[in-house]
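Text of the file coords-v4.txt, holding compact mmCIF, C-alpha atoms:
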```txt
# COMPACT_ATOMS: atom_id res chain seq x y z
CA MET A 1 -194.05 -33.12 -7.55
CA ILE A 2 -197.15 -32.40 -5.58
CA ASN A 3 -200.24 -34.35 -6.51
CA MET A 4 -202.78 -31.62 -7.22
CA ASP A 5 -205.76 -33.96 -7.10
CA ASN A 6 -207.98 -33.65 -4.07
CA ILE A 7 -206.12 -30.86 -2.41
CA GLU A 8 -208.04 -27.89 -1.14
CA VAL A 9 -207.43 -24.67 -3.09
CA VAL A 10 -208.16 -21.33 -1.43
CA LYS A 11 -208.35 -18.26 -3.67
CA VAL A 12 -207.52 -14.87 -2.24
CA GLY A 13 -208.94 -11.82 -4.07
CA MET A 14 -207.61 -8.29 -4.21
CA ALA A 15 -207.72 -6.63 -0.77
CA ASP A 16 -208.48 -9.95 0.86
CA PHE A 17 -206.78 -12.54 3.07
CA ASN A 18 -207.39 -16.14 4.06
CA ILE A 19 -205.75 -19.26 5.46
CA VAL A 20 -205.33 -22.85 4.35
CA LYS A 21 -204.34 -26.02 6.20
CA ASN A 22 -202.24 -28.99 5.18
CA PRO A 23 -202.29 -30.24 2.42
CA GLY A 24 -204.02 -27.27 0.80
CA MET A 25 -202.81 -24.61 -1.59
CA ILE A 26 -203.51 -20.89 -1.38
CA THR A 27 -203.34 -18.62 -4.42
CA THR A 28 -203.94 -15.14 -5.76
CA LEU A 29 -204.18 -14.27 -9.46
CA GLY A 30 -202.74 -11.41 -11.48
CA LEU A 31 -200.75 -9.52 -8.86
CA GLY A 32 -199.47 -6.19 -10.17
CA SER A 33 -198.41 -3.40 -7.85
CA CYS A 34 -200.12 -5.21 -5.00
CA VAL A 35 -198.09 -7.48 -2.73
CA ALA A 36 -198.92 -11.04 -1.64
CA VAL A 37 -197.59 -11.83 1.83
CA VAL A 38 -197.54 -15.50 2.82
CA LEU A 39 -197.13 -16.46 6.46
CA TYR A 40 -196.30 -20.11 7.02
CA ASP A 41 -196.23 -22.14 10.22
CA ALA A 42 -193.96 -24.99 9.17
CA LYS A 43 -194.85 -27.12 12.23
CA LEU A 44 -198.59 -27.02 11.60
CA LYS A 45 -198.10 -26.73 7.83
CA MET A 46 -200.66 -23.95 7.86
CA ALA A 47 -200.40 -20.91 5.59
CA GLY A 48 -202.07 -17.53 5.44
CA MET A 49 -201.98 -15.16 2.48
CA ALA A 50 -202.82 -11.45 2.28
CA HIS A 51 -203.23 -9.58 -1.04
CA ILE A 52 -202.28 -6.04 -0.04
CA MET A 53 -203.08 -2.94 -2.12
CA LEU A 54 -201.75 -0.01 -0.10
CA PRO A 55 -198.95 0.51 2.43
CA SER A 56 -200.77 2.05 5.39
CA SER A 57 -204.29 2.49 6.75
CA LYS A 58 -203.12 5.50 8.70
CA ALA A 59 -202.52 7.74 5.68
CA ILE A 60 -206.02 7.36 4.26
CA LYS A 61 -209.48 8.44 5.40
CA ASN A 62 -211.45 5.76 3.59
CA ASN A 63 -209.85 2.86 5.48
CA SER A 64 -212.80 0.71 6.53
CA ASN A 65 -211.64 -2.25 4.41
CA ARG A 66 -208.79 -3.43 6.64
CA ALA A 67 -207.66 -6.08 4.15
CA LYS A 68 -206.49 -3.37 1.73
CA PHE A 69 -203.61 -2.10 3.86
CA ALA A 70 -200.35 -3.75 4.83
CA ASP A 71 -200.58 -2.88 8.53
CA THR A 72 -204.19 -3.89 9.23
CA SER A 73 -204.22 -6.82 6.82
CA ILE A 74 -201.16 -8.57 8.26
CA SER A 75 -202.40 -7.98 11.80
CA ASP A 76 -205.85 -9.45 11.02
CA LEU A 77 -204.30 -12.40 9.20
CA LEU A 78 -202.13 -13.15 12.26
CA ASP A 79 -205.24 -13.10 14.47
CA MET A 80 -207.02 -15.49 12.13
CA MET A 81 -204.08 -17.90 12.15
CA ALA A 82 -203.65 -17.64 15.92
CA LYS A 83 -207.25 -18.82 16.37
CA GLU A 84 -206.28 -21.97 14.49
CA GLY A 85 -203.36 -22.64 16.82
CA MET A 86 -200.51 -20.96 14.91
CA LYS A 87 -197.49 -20.03 17.05
CA LYS A 88 -195.87 -16.77 15.98
CA GLN A 89 -192.36 -18.02 16.75
CA ASN A 90 -192.82 -20.76 14.13
CA LEU A 91 -193.72 -18.36 11.34
CA ILE A 92 -191.71 -17.56 8.25
CA ALA A 93 -192.76 -15.29 5.41
CA LYS A 94 -192.51 -15.30 1.62
CA ILE A 95 -193.53 -12.28 -0.42
CA ALA A 96 -194.18 -11.51 -4.10
CA GLY A 97 -195.48 -8.67 -6.25
CA GLY A 98 -195.05 -4.91 -5.96
CA SER A 99 -194.20 -4.40 -9.61
CA GLN A 100 -194.40 -1.15 -11.54
CA MET A 101 -196.68 -2.00 -14.44
CA PHE A 102 -196.31 1.30 -16.35
CA ASP A 103 -192.98 3.01 -16.77
CA PHE A 104 -193.91 6.50 -15.67
CA ASP A 105 -191.29 8.53 -13.93
CA SER A 106 -190.40 6.45 -10.89
CA VAL A 107 -190.36 9.45 -8.56
CA ASP A 108 -194.05 9.89 -9.26
CA ASP A 109 -195.98 9.15 -6.12
CA VAL A 110 -198.84 7.25 -7.66
CA PHE A 111 -196.82 4.91 -9.82
CA SER A 112 -194.24 3.97 -7.23
CA VAL A 113 -196.84 2.40 -4.99
CA GLY A 114 -195.49 -1.10 -5.73
CA ARG A 115 -192.17 -0.21 -4.16
CA LYS A 116 -193.90 1.42 -1.18
CA ASN A 117 -196.07 -1.65 -0.66
CA ILE A 118 -192.98 -3.86 -0.56
CA GLN A 119 -191.23 -1.57 1.90
CA ALA A 120 -194.29 -1.39 4.16
CA CYS A 121 -194.63 -5.20 4.24
CA LYS A 122 -190.93 -5.64 5.00
CA ASP A 123 -191.05 -3.08 7.81
CA ILE A 124 -194.10 -4.67 9.40
CA LEU A 125 -192.66 -8.20 9.19
CA ALA A 126 -189.37 -6.97 10.66
CA GLU A 127 -191.24 -5.37 13.53
CA LEU A 128 -193.07 -8.65 14.15
CA LYS A 129 -189.73 -10.50 13.96
CA ILE A 130 -190.99 -12.75 11.17
CA SER A 131 -188.20 -13.44 8.72
CA ILE A 132 -188.73 -13.28 4.98
CA ILE A 133 -187.01 -16.35 3.58
CA ALA A 134 -187.89 -15.84 -0.09
CA GLU A 135 -189.12 -13.04 -2.31
CA ASP A 136 -189.92 -12.29 -5.95
CA ILE A 137 -190.63 -8.59 -6.06
CA GLY A 138 -190.53 -5.41 -8.14
CA GLU A 139 -189.80 -5.43 -11.90
CA ASN A 140 -192.53 -4.52 -14.39
CA TYR A 141 -194.69 -7.61 -14.86
CA GLY A 142 -197.67 -9.31 -13.26
CA ARG A 143 -197.56 -12.51 -11.23
CA THR A 144 -199.92 -15.31 -10.28
CA VAL A 145 -198.74 -16.99 -7.08
CA GLU A 146 -199.50 -20.36 -5.46
CA PHE A 147 -198.31 -21.46 -2.03
CA TYR A 148 -198.25 -25.17 -1.14
CA THR A 149 -198.61 -26.04 2.55
CA LEU A 150 -197.22 -29.54 2.03
CA ASP A 151 -193.65 -28.40 1.40
CA GLY A 152 -193.80 -24.62 1.83
CA SER A 153 -193.00 -23.97 -1.82
CA PHE A 154 -194.20 -20.78 -3.49
CA LYS A 155 -194.85 -20.93 -7.22
CA ILE A 156 -194.61 -17.75 -9.33
CA LYS A 157 -196.19 -17.59 -12.80
CA SER A 158 -195.76 -14.64 -15.19
CA VAL A 159 -196.67 -14.00 -18.81
CA GLY A 160 -193.93 -15.15 -21.19
CA LYS A 161 -191.64 -16.37 -18.38
CA ALA A 162 -190.82 -19.80 -17.03
CA GLU A 163 -192.59 -20.80 -13.83
CA LYS A 164 -190.42 -20.74 -10.78
CA PHE A 165 -190.50 -21.90 -7.18
CA ILE A 166 -189.07 -19.76 -4.42
CA MET B 1 -215.48 9.44 -7.89
CA GLN B 2 -218.49 9.39 -5.64
CA ASP B 3 -220.59 6.42 -4.65
CA ASN B 4 -223.84 8.37 -4.59
CA LEU B 5 -224.31 8.89 -8.31
CA ASN B 6 -227.92 9.34 -9.31
CA ASP B 7 -229.67 8.70 -12.63
CA MET B 8 -228.98 12.21 -13.82
CA HIS B 9 -225.23 11.82 -13.23
CA MET B 10 -225.32 8.54 -15.09
CA ASP B 11 -227.18 10.10 -18.04
CA VAL B 12 -224.57 12.83 -18.30
CA LEU B 13 -221.70 10.36 -18.11
CA ARG B 14 -223.40 8.13 -20.65
CA GLU B 15 -223.89 11.05 -23.03
CA ILE B 16 -220.24 12.05 -22.68
CA GLY B 17 -219.30 8.44 -23.34
CA ASN B 18 -221.42 8.52 -26.50
CA ILE B 19 -219.92 11.75 -27.79
CA GLY B 20 -216.39 10.65 -26.93
CA ALA B 21 -216.71 7.29 -28.63
CA GLY B 22 -218.39 9.00 -31.61
CA ASN B 23 -215.47 11.40 -31.92
CA ALA B 24 -213.05 8.51 -31.69
CA THR B 25 -214.83 6.61 -34.45
CA THR B 26 -214.77 9.66 -36.71
CA ALA B 27 -211.08 10.22 -36.01
CA LEU B 28 -210.29 6.58 -36.81
CA SER B 29 -212.41 6.60 -39.96
CA GLN B 30 -210.72 9.73 -41.28
CA MET B 31 -207.24 8.59 -40.43
CA LEU B 32 -207.67 5.21 -42.10
CA ASN B 33 -210.04 6.32 -44.81
CA LYS B 34 -212.20 3.32 -43.98
CA SER B 35 -215.78 3.06 -42.87
CA ILE B 36 -215.89 2.28 -39.17
CA THR B 37 -219.11 1.75 -37.28
CA MET B 38 -219.73 1.93 -33.58
CA GLN B 39 -222.26 0.34 -31.25
CA VAL B 40 -223.79 2.52 -28.55
CA PRO B 41 -221.28 2.49 -25.71
CA GLU B 42 -222.32 0.94 -22.41
CA VAL B 43 -221.56 3.22 -19.50
CA ASN B 44 -221.58 1.84 -15.99
CA ILE B 45 -220.25 2.45 -12.56
CA VAL B 46 -218.62 -0.82 -11.64
CA GLU B 47 -217.22 -2.00 -8.35
CA PHE B 48 -213.54 -2.37 -8.83
CA LYS B 49 -213.37 -5.95 -7.67
CA ASN B 50 -215.71 -6.91 -10.53
CA VAL B 51 -213.81 -5.18 -13.32
CA SER B 52 -211.35 -7.97 -14.11
CA ALA B 53 -214.18 -10.53 -14.23
CA ILE B 54 -215.93 -8.39 -16.88
CA ILE B 55 -212.81 -8.37 -19.03
CA GLY B 56 -212.19 -12.09 -18.84
CA GLY B 57 -210.69 -12.78 -15.41
CA GLU B 58 -207.50 -11.79 -13.57
CA GLU B 59 -205.23 -13.92 -15.72
CA ASN B 60 -206.67 -12.92 -19.09
CA ILE B 61 -203.94 -11.24 -21.13
CA VAL B 62 -204.88 -7.69 -22.08
CA ALA B 63 -203.29 -4.51 -23.36
CA GLY B 64 -203.68 -1.51 -21.09
CA ILE B 65 -202.98 1.97 -22.40
CA LEU B 66 -202.69 4.55 -19.69
CA VAL B 67 -202.60 8.35 -19.88
CA LYS B 68 -202.31 10.81 -17.05
CA ILE B 69 -204.61 13.80 -17.10
CA SER B 70 -203.54 17.19 -15.78
CA GLY B 71 -204.85 20.75 -15.99
CA ASP B 72 -208.18 21.69 -14.38
CA ILE B 73 -208.81 17.98 -13.98
CA GLU B 74 -206.35 15.54 -12.43
CA GLY B 75 -206.60 11.82 -12.87
CA ILE B 76 -205.83 8.94 -15.19
CA MET B 77 -207.62 7.30 -18.05
CA MET B 78 -207.08 3.79 -19.20
CA TYR B 79 -208.12 2.00 -22.36
CA VAL B 80 -208.09 -1.79 -22.11
CA LEU B 81 -208.30 -4.27 -24.98
CA GLU B 82 -208.51 -8.04 -24.81
CA TYR B 83 -206.00 -9.89 -26.92
CA ASP B 84 -208.49 -10.72 -29.70
CA SER B 85 -209.40 -7.07 -30.01
CA VAL B 86 -205.75 -6.02 -30.00
CA ARG B 87 -205.26 -8.19 -33.06
CA SER B 88 -208.40 -6.87 -34.79
CA MET B 89 -207.37 -3.32 -34.02
CA LEU B 90 -203.89 -3.84 -35.48
CA ASN B 91 -205.31 -5.61 -38.50
CA ILE B 92 -207.57 -2.61 -39.15
CA LEU B 93 -204.82 -0.07 -38.52
CA LEU B 94 -201.94 -1.68 -40.32
CA ASN B 95 -203.89 -3.65 -42.88
CA LYS B 96 -202.39 -6.89 -41.62
CA ASN B 97 -203.60 -10.35 -40.82
CA ILE B 98 -202.06 -11.08 -37.46
CA ALA B 99 -202.94 -14.59 -36.33
CA SER B 100 -203.45 -15.60 -32.73
CA GLU B 101 -200.03 -17.20 -32.36
CA ASP B 102 -198.11 -14.24 -33.82
CA ILE B 103 -195.89 -12.22 -31.55
CA LEU B 104 -196.39 -8.47 -31.70
CA GLY B 105 -193.47 -6.36 -32.92
CA GLU B 106 -192.25 -2.87 -32.04
CA MET B 107 -194.33 -1.38 -34.84
CA ASP B 108 -197.48 -3.05 -33.50
CA LEU B 109 -196.89 -1.80 -29.98
CA SER B 110 -196.20 1.69 -31.21
CA ALA B 111 -199.42 1.65 -33.27
CA LEU B 112 -201.35 0.47 -30.22
CA LYS B 113 -200.03 3.33 -28.14
CA GLU B 114 -200.96 5.80 -30.82
CA ILE B 115 -204.47 4.45 -31.11
CA GLY B 116 -204.81 4.61 -27.33
CA ASN B 117 -203.73 8.21 -27.56
CA ILE B 118 -206.40 9.01 -30.16
CA LEU B 119 -209.15 7.13 -28.36
CA THR B 120 -208.50 8.60 -24.93
CA GLY B 121 -207.92 12.01 -26.53
CA SER B 122 -211.32 11.91 -28.28
CA TYR B 123 -213.08 11.13 -25.07
CA LEU B 124 -211.24 13.80 -23.10
CA THR B 125 -211.82 16.40 -25.82
CA ALA B 126 -215.56 15.73 -25.64
CA LEU B 127 -215.48 16.02 -21.86
CA SER B 128 -213.34 19.13 -21.99
CA LYS B 129 -215.65 20.91 -24.49
CA LEU B 130 -218.78 20.11 -22.50
CA THR B 131 -217.31 21.20 -19.19
CA ASN B 132 -215.07 24.06 -20.31
CA LEU B 133 -212.32 22.53 -18.20
CA THR B 134 -208.83 22.00 -19.58
CA MET B 135 -207.52 18.46 -19.64
CA ILE B 136 -204.02 17.79 -20.85
CA GLN B 137 -203.07 14.20 -21.47
CA SER B 138 -199.62 12.70 -21.05
CA ILE B 139 -197.79 10.49 -23.53
CA PRO B 140 -199.55 7.10 -23.44
CA LYS B 141 -197.90 4.17 -21.67
CA LEU B 142 -198.62 0.61 -22.69
CA ALA B 143 -198.49 -2.63 -20.74
CA PHE B 144 -199.29 -6.12 -21.94
CA ASP B 145 -200.00 -8.44 -19.06
CA MET B 146 -202.56 -10.20 -16.90
CA ALA B 147 -205.73 -8.10 -16.47
CA GLY B 148 -205.47 -8.27 -12.69
CA ALA B 149 -201.94 -6.88 -12.73
CA ILE B 150 -202.76 -4.04 -15.13
CA LEU B 151 -205.94 -3.12 -13.30
CA SER B 152 -204.10 -3.04 -10.00
CA VAL B 153 -202.76 0.37 -11.06
CA PRO B 154 -206.13 2.15 -11.26
CA ALA B 155 -207.43 -0.01 -8.40
CA ILE B 156 -204.74 1.32 -6.13
CA LEU B 157 -205.42 4.90 -7.21
CA PHE B 158 -209.05 4.30 -6.45
CA GLY B 159 -208.32 2.48 -3.25
CA LYS B 160 -207.44 5.83 -1.77
CA THR B 161 -210.85 7.36 -2.36
CA CYS B 162 -213.50 4.77 -3.10
CA ASP B 163 -214.18 1.38 -4.64
CA SER B 164 -216.07 2.01 -7.90
CA VAL B 165 -214.98 3.20 -11.34
CA LEU B 166 -216.54 4.76 -14.41
CA PHE B 167 -216.44 1.96 -16.92
CA ILE B 168 -217.34 2.41 -20.60
CA LYS B 169 -217.52 -0.50 -22.98
CA THR B 170 -217.09 0.45 -26.64
CA ASP B 171 -217.45 -1.70 -29.70
CA PHE B 172 -216.05 -0.71 -33.12
CA ASN B 173 -216.46 -2.62 -36.35
CA GLN B 174 -214.69 -2.44 -39.65
CA GLY B 175 -216.04 -5.09 -41.97
CA ASP B 176 -215.97 -8.31 -39.94
CA ARG B 177 -213.26 -7.03 -37.64
CA ASP B 178 -214.56 -6.35 -34.18
CA VAL B 179 -212.79 -4.31 -31.53
CA VAL B 180 -214.20 -4.33 -28.02
CA GLY B 181 -212.43 -1.86 -25.77
CA TYR B 182 -212.99 -0.58 -22.26
CA TYR B 183 -212.41 2.94 -21.02
CA ILE B 184 -211.76 3.36 -17.34
CA LEU B 185 -211.84 6.96 -16.18
CA ILE B 186 -210.39 7.83 -12.83
CA PRO B 187 -210.54 11.49 -11.85
CA GLU B 188 -209.26 12.54 -8.44
CA ALA B 189 -212.13 13.09 -5.99
CA GLN B 190 -212.18 16.91 -6.30
CA SER B 191 -211.88 16.70 -10.08
CA PHE B 192 -214.99 14.56 -10.26
CA ASP B 193 -216.93 17.21 -8.34
CA LYS B 194 -215.53 19.86 -10.67
CA ILE B 195 -216.76 17.95 -13.73
CA MET B 196 -220.22 17.49 -12.24
CA LYS B 197 -220.45 21.13 -11.15
CA SER B 198 -219.45 22.47 -14.54
CA LEU B 199 -222.11 20.27 -16.14
CA GLY B 200 -224.66 21.68 -13.72
CA VAL B 201 -225.47 18.31 -12.16
CA ILE B 202 -224.50 19.13 -8.60
```
Write the structure described by the file as structure tokens, please.
Amino acid sequence: MINMDNIEVVKVGMADFNIVKNPGMITTLGLGSCVAVVLYDAKLKMAGMAHIMLPSSKAIKNNSNRAKFADTSISDLLDMMAKEGMKKQNLIAKIAGGSQMFDFDSVDDVFSVGRKNIQACKDILAELKISIIAEDIGENYGRTVEFYTLDGSFKIKSVGKAEKFI
Amino acid sequence: MQDNLNDMHMDVLREIGNIGAGNATTALSQMLNKSITMQVPEVNIVEFKNVSAIIGGEENIVAGILVKISGDIEGIMMYVLEYDSVRSMLNILLNKNIASEDILGEMDLSALKEIGNILTGSYLTALSKLTNLTMIQSIPKLAFDMAGAILSVPAILFGKTCDSVLFIKTDFNQGDRDVVGYYILIPEAQSFDKIMKSLGVI
């Protein structure tokens, strides 16, 4: 197991992104319909995490907060990591979240945003040729996620469920 | 919801909050045939990113009851209770003594939904009477989870228009049982203007 003492912990809020270097951990709490995208450079052992609320900045007028949207958030996170020496060809991705917290009719636009967020993140990562090697997505419950740069493991915690690593 | 709310808007919203919570207390009292008292509700416009901190942090387990509003006004309303208050509420409603380690059953969840229905309904009825606008509420949906996850639903709705919400803290008492609940009202942007216009504020 990872020794949690003395490692740097970076917390990412809603509509926010950040990076952490070896041997740090990066986390976001209480993900619902939002999606956490982790980009990991396994050579540098550096990770970036984005907590994404909405699929696209292009569909919305009030889009000044770039960290809210899958397209602008992932692009800005890549820039931030590149400044620290990340090489795109070394990146892999892990994603979590995008649940439907309330069981309204799933065709309803508003309440299917979790699924749309997941799809948007997958499309963008595919376009960037970054492969998603693990995911814990959808369903109807919240998640707290922690990514460890030391070994690239991604811990998922949910209410009333056993913790798991993906 | 608009960011440029002035004092007059706030007074109107506060007054509606008062009337709504008053109606809810009366409805509860009559239904249970018990004396229920209410503190003056606190009405605020809160930045969304601060909401989960107010209700105990992103990982605090809460019950969220959500209804959709349709008719002249479109939007959603949510009533959020922390776990302690969920227990107090059920103890008042069902005359039980649920302890902190007890797991809630089907009956409890169903009672919670119904109370959410009454409480959101009372608020919306007050708003509807004052504005002369029809508001029809959907069947309530309930989720029990981390506050951050539950609040992500209204946050995302809001994310499309702006970053603040109408947040009303209510506090009911029955004997030494205390129920602190939070209303979060989220009208679509045009609906908010409609409400304000019909109240003569803009």
Next on the checklist: Could you check the closest approach to chain A for each of B:Ile186, B:Ile195, B:Val165, B:Leu151 and tell me which residue wins, using all atoms listed in the file?
Outcome noted: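 Once distances to chain A are computed over all atoms listed in the file, the minimum belongs to B:Leu151.
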Next on the checklist: Excluding B:Ser52 and its own-chain neighbours fewer than 2 positions away, which residues fall within 10 Å of it when counting all atoms listed in the file? Please give them as an MDAnalysis selection string.
Outcome noted: (chainID A and resid 30) or (chainID B and resid 48:50 54:60 146:152)
Enumerate as a PDB file with C-alpha atoms, in the frame of the given file the residues belonging to chain A that approach chain B to within 6 Å, with all atoms listed in the file taken into account.
```pdb
ATOM      1  CA  LEU A  29    -204.180 -14.270  -9.460  1.00  0.00           C
ATOM      2  CA  GLY A  30    -202.740 -11.410 -11.480  1.00  0.00           C
ATOM      3  CA  LEU A  31    -200.750  -9.520  -8.860  1.00  0.00           C
ATOM      4  CA  GLY A  32    -199.470  -6.190 -10.170  1.00  0.00           C
ATOM      5  CA  GLY A 142    -197.670  -9.310 -13.260  1.00  0.00           C
TER       6      GLY A 142
END
```
Checklist entry - Near A:Tyr148, within 6 Å and counting all atoms listed in the file, which residues show up once chain neighbours fewer than 3 positions away are dropped, as a ChimeraX atom specification? => result /A:25,152-153
Next on the checklist: Could you list, as number ranges by chain, every residue within 6 Å of B:Leu81, counting only C-alpha atoms and ignoring same-chain residues fewer than 5 positions away?
Outcome noted: B: 62-63, 86, 181
Checklist entry - Which is closer to B:Ser88 than all the others in B:Leu112, B:Met196, B:Ile76, B:Leu166, using all atoms listed in the file? => result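 Among the listed residues, the smallest separation from B:Ser88 belongs to B:Leu112.
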Checklist entry - Interatomic distance between atom CA of B:Asn44 and atom CA of A:Ala50? => result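 Atom CA of A:Ala50 lies 29.4 Å from atom CA of B:Asn44.
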Item to check | Spatial neighbours of stretch 122-129 of chain A, 9 Å, all atoms listed in the file, chain gap at least 5 places, as a list of chain:residue names | outcome: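 In the requested format, the answer is A:Ala70, A:Asp71, A:Ile74, A:Lys88, A:Gln89, A:Ala93, A:Ile95, A:Asn117.
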Item to check | Pick from A:Ile7, A:Val37, A:Ile26, A:Ala15, whichever lies nearest to A:Ala120 using all atoms listed in the file | outcome: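 Checking each candidate against A:Ala120, we get A:Val37 as the closest.
Atom to atom, atom CA of A:Val145 and atom CA of A:Thr27 stand 5.6 Å apart.
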Item to check | Non-local contacts of A:Lys94 (6 Å; only C-alpha atoms; under 3 positions in same chain excluded) as a VMD selection string | outcome: chain A and resid 38 132 to 135
Next on the checklist: Taking (-213.5, 7.9, -36.9) in the coordinates of the supplied file, I want to know which residues reach to within 12 Å of it, counting only C-alpha atoms; could you give the answer as a PyMOL selection string?
Outcome noted: chain B and resi 19-38+93+115+118-119+122+172-174
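Computed from the coordinates, the atom CA of A:Val113 to atom CA of A:Ser33 distance equals 6.7 Å.
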Checklist entry - From the set B:Asp193, B:Asp178, B:Asp171, B:Glu74, which residue has the shortest atom-to-atom contact distance to B:Pro41, counting only C-alpha atoms? => result B:Asp171
Checklist entry - Once you count all atoms listed in the file, which residues end up no further than 10 Å from (-228.6, 3.5, -26.9) in the file's frame, shown as a ChimeraX atom specification? => result /B:14-15,18,39-42
